[in-house]
file target_17.tsv (TSV, C-alpha atoms)
chain	number	residue	atom	x	y	z
I	119	MET	CA	0.00	0.00	0.00
I	120	LYS	CA	1.19	3.46	-0.79
I	121	ALA	CA	1.27	6.19	1.84
I	122	ASP	CA	-1.75	8.00	0.39
I	123	GLN	CA	-3.90	4.84	0.32
I	124	HIS	CA	-5.88	3.55	3.27
I	125	PHE	CA	-7.95	0.48	4.00
I	126	ASP	CA	-11.59	1.15	3.29
I	127	VAL	CA	-14.20	-0.83	5.23
I	128	ARG	CA	-17.30	-1.60	3.20
I	129	PRO	CA	-20.76	-2.74	4.36
I	130	TRP	CA	-20.20	-6.17	2.85
I	131	HIS	CA	-17.13	-6.54	5.09
I	132	VAL	CA	-19.40	-6.15	8.12
I	133	PHE	CA	-21.85	-8.68	6.74
I	134	ALA	CA	-19.14	-11.20	5.82
I	135	PHE	CA	-17.27	-10.83	9.12
I	136	GLY	CA	-20.42	-11.08	11.26
I	137	SER	CA	-21.85	-13.96	9.25
I	138	ALA	CA	-18.58	-15.91	9.42
I	139	LEU	CA	-18.36	-15.38	13.18
I	140	GLY	CA	-21.99	-16.32	13.65
I	141	LEU	CA	-21.67	-19.46	11.54
I	142	ALA	CA	-18.53	-20.51	13.40
I	143	ALA	CA	-20.24	-19.95	16.76
I	144	LEU	CA	-23.30	-21.89	15.61
I	145	PHE	CA	-21.15	-24.66	14.15
I	146	GLU	CA	-19.35	-25.22	17.45
I	147	ARG	CA	-22.71	-25.53	19.22
I	148	VAL	CA	-24.23	-28.13	16.89
I	149	GLN	CA	-24.87	-31.44	18.67
I	150	GLY	CA	-22.64	-33.53	16.45
I	151	PHE	CA	-19.58	-31.31	16.85
I	152	ARG	CA	-19.56	-30.68	20.59
I	153	SER	CA	-16.47	-31.19	22.67
I	154	GLY	CA	-17.57	-34.57	23.96
I	155	ARG	CA	-17.82	-33.43	27.57
I	156	GLN	CA	-21.20	-34.43	28.85
I	157	TYR	CA	-22.56	-34.09	32.35
I	158	VAL	CA	-25.23	-36.44	33.68
I	159	LEU	CA	-27.41	-34.38	35.99
I	160	CYS	CA	-29.59	-36.01	38.60
I	161	HIS	CA	-31.81	-32.96	38.99
I	162	GLU	CA	-33.21	-30.86	36.18
I	163	SER	CA	-31.71	-27.39	36.07
I	164	PRO	CA	-33.73	-24.47	34.74
I	165	THR	CA	-30.56	-22.40	35.08
I	166	LEU	CA	-28.74	-24.52	32.50
I	167	ASN	CA	-31.70	-24.29	30.14
I	168	HIS	CA	-31.65	-20.51	30.57
I	169	VAL	CA	-27.88	-20.37	29.97
I	170	THR	CA	-28.28	-22.32	26.72
I	171	LEU	CA	-31.03	-19.99	25.50
I	172	VAL	CA	-29.00	-16.88	26.39
I	173	ALA	CA	-25.96	-18.20	24.51
I	174	LEU	CA	-28.05	-18.98	21.44
I	175	ALA	CA	-29.69	-15.54	21.62
I	176	LEU	CA	-26.23	-13.96	21.70
I	177	VAL	CA	-25.24	-15.94	18.61
I	178	ALA	CA	-28.44	-14.78	16.91
I	179	GLY	CA	-27.40	-11.25	17.89
I	180	VAL	CA	-24.20	-11.71	15.91
I	181	PHE	CA	-26.20	-12.37	12.74
I	182	LEU	CA	-28.52	-9.47	13.55
I	183	THR	CA	-25.57	-7.12	14.08
I	184	ALA	CA	-24.06	-8.18	10.75
I	185	VAL	CA	-27.27	-7.69	8.80
I	186	VAL	CA	-28.42	-4.46	10.49
I	187	GLY	CA	-24.95	-2.91	10.42
I	188	ALA	CA	-24.45	-3.67	6.74
I	189	ALA	CA	-28.00	-2.61	5.84
I	190	ALA	CA	-27.78	0.63	7.80
I	191	ALA	CA	-24.48	1.45	6.14
I	192	THR	CA	-25.87	0.68	2.69
I	193	VAL	CA	-29.17	2.56	3.02
I	194	ARG	CA	-27.68	5.82	4.29
I	195	SER	CA	-27.56	8.63	1.74
I	196	LYS	CA	-23.99	9.55	2.70
I	197	PRO	CA	-21.26	6.93	2.62
I	198	SER	CA	-20.80	5.27	5.99
I	199	ARG	CA	-17.74	6.12	7.93
I	200	PRO	CA	-15.35	3.32	8.81
I	201	PRO	CA	-15.77	3.84	12.60
I	202	PHE	CA	-19.44	2.80	12.39
I	203	LEU	CA	-18.61	-0.29	10.35
I	204	ILE	CA	-15.71	-1.21	12.60
I	205	ALA	CA	-17.98	-0.74	15.65
I	206	CYS	CA	-20.44	-3.23	14.12
I	207	MET	CA	-17.63	-5.73	13.63
I	208	VAL	CA	-16.40	-5.25	17.19
I	209	ALA	CA	-19.98	-5.68	18.47
I	210	ALA	CA	-20.31	-8.96	16.57
I	211	LEU	CA	-17.02	-10.22	18.02
I	212	ALA	CA	-18.08	-9.12	21.52
I	213	LEU	CA	-21.34	-11.06	21.19
I	214	VAL	CA	-19.48	-14.24	20.20
I	215	VAL	CA	-17.03	-13.85	23.08
I	216	THR	CA	-19.93	-13.27	25.49
I	217	ALA	CA	-21.79	-16.33	24.18
I	218	ASP	CA	-18.68	-18.45	24.71
I	219	ARG	CA	-18.23	-17.11	28.24
I	220	VAL	CA	-21.91	-17.79	29.05
I	221	ASP	CA	-21.50	-21.36	27.79
I	222	ALA	CA	-18.34	-21.78	29.87
I	223	GLY	CA	-20.32	-20.63	32.92
I	224	GLY	CA	-23.00	-23.20	32.11
I	225	GLU	CA	-20.41	-25.93	31.90
I	226	GLN	CA	-19.00	-24.90	35.27
I	227	ARG	CA	-22.51	-24.99	36.75
I	228	ALA	CA	-23.06	-28.49	35.31
I	229	ALA	CA	-19.73	-29.68	36.74
I	230	ASN	CA	-20.73	-28.35	40.17
I	231	MET	CA	-24.09	-30.12	39.96
I	232	VAL	CA	-22.38	-33.41	39.07
I	233	ALA	CA	-20.01	-33.00	42.02
I	234	GLU	CA	-22.99	-32.47	44.35
I	235	ARG	CA	-24.74	-35.53	42.92
I	236	LEU	CA	-21.74	-37.75	43.60
I	237	SER	CA	-22.20	-37.07	47.30
I	238	GLU	CA	-25.91	-38.06	47.09
I	239	ASN	CA	-25.34	-41.38	45.24
I	240	ASN	CA	-28.91	-41.60	43.91
I	241	CYS	CA	-31.22	-40.16	41.30
I	242	ASP	CA	-34.98	-39.89	41.64
I	243	TYR	CA	-35.65	-40.17	37.90
I	244	THR	CA	-33.97	-40.53	34.53
I	245	PRO	CA	-31.01	-38.16	34.56
I	246	GLN	CA	-30.71	-35.20	32.22
I	247	VAL	CA	-27.58	-35.02	30.05
I	248	TYR	CA	-25.96	-31.62	29.57
I	249	SER	CA	-23.48	-31.41	26.70
I	250	ALA	CA	-20.81	-28.74	26.99
I	251	THR	CA	-20.54	-26.26	24.14
I	252	PRO	CA	-17.51	-24.16	24.99
I	253	GLY	CA	-16.37	-21.93	22.18
I	254	TRP	CA	-13.00	-20.70	21.13
I	255	PHE	CA	-13.23	-17.79	23.53
I	256	SER	CA	-13.94	-19.78	26.71
I	257	TRP	CA	-10.63	-19.57	28.52
call {"tool": "encode", "arguments": {"input": "target_17.tsv", "output": "structure tokens"}}
result
Amino acid sequence: MKADQHFDVRPWHVFAFGSALGLAALFERVQGFRSGRQYVLCHESPTLNHVTLVALALVAGVFLTAVVGAAAATVRSKPSRPPFLIACMVAALALVVTADRVDAGGEQRAANMVAERLSENNCDYTPQVYSATPGWFSW
């Protein structure tokens, strides 16, 4: 690149970046591609169900951010400024990171529930299986 040239962010960059992140986050949460860590829970946990829904809503937010950011940048009469487009990309990345952290918290909750069950040594009914879906950003 020459000194007088600069990188120009276009609306399709926002859409492509957000869609790729969203697809990757969804891909890592698909049943067949999970990490293999499963937790057999003796008691049903509404908290874990809520955590799963929140994580999926955050992933849906990634797609929404990509589409709305790109559409808003395209529809405007004046060309969109790169800071708006970059902010949309950062928001999409933040949503994926948050979804991964929420899933990591759910896995920790499931591990704690299994540890509590081991001390009880019995289940009242057919156990629920919780499959971990940690993402790339669950440190």
call {"tool": "residues_around", "arguments": {"input": "target_17.tsv", "residues": "Ala143 in chain I", "least_positions_apart": "3", "cutoff": "9 Å", "atoms": "all atoms listed in the file", "output": "PyMOL selection string"}}
result
chain I and resi 138-140+146-147+177+214+217-218+253-254
call {"tool": "residues_around", "arguments": {"input": "target_17.tsv", "residues": "range 204-207 of chain I", "least_positions_apart": "6", "cutoff": "9 Å", "atoms": "all atoms listed in the file", "output": "PyMOL selection string"}}
result
chain I and resi 127+131-133+135-136+183-184+186-188
call {"tool": "closest_residue", "arguments": {"input": "target_17.tsv", "among": "I:Ala212, I:Ala228, I:Val148, I:Ala250", "to": "Pro164 in chain I", "atoms": "all atoms listed in the file"}}
result
I:Ala228
call {"tool": "closest_residue", "arguments": {"input": "target_17.tsv", "among": "I:Cys160, I:Val172, I:Leu144, I:Val180", "to": "Val208 in chain I", "atoms": "only C-alpha atoms"}}
result
I:Val180
call {"tool": "residues_around", "arguments": {"input": "target_17.tsv", "residues": "Leu166 in chain I", "least_positions_apart": "3", "cutoff": "12 Å", "atoms": "all atoms listed in the file", "output": "ChimeraX atom specification"}}
result
/I:157,159,161-163,169-173,220-231,246-251
call {"tool": "closest_residue", "arguments": {"input": "target_17.tsv", "among": "I:Ala189, I:Ala210, I:Leu203, I:Ala233", "to": "Leu141 in chain I", "atoms": "only C-alpha atoms"}}
result
I:Ala210
call {"tool": "atom_distance", "arguments": {"input": "target_17.tsv", "atom1": "CA of Ala178 in chain I", "atom2": "CA of Arg155 in chain I"}}
result
24.0 Å
call {"tool": "atom_distance", "arguments": {"input": "target_17.tsv", "atom1": "CA of Phe145 in chain I", "atom2": "CA of Trp130 in chain I"}}
result
21.7 Å
call {"tool": "closest_residue", "arguments": {"input": "target_17.tsv", "among": "I:Arg199, I:Ala209, I:Arg128, I:Gln156", "to": "Val232 in chain I", "atoms": "all atoms listed in the file"}}
result
I:Gln156
call {"tool": "atom_distance", "arguments": {"input": "target_17.tsv", "atom1": "CA of Asp126 in chain I", "atom2": "CA of Val193 in chain I"}}
result
17.6 Å
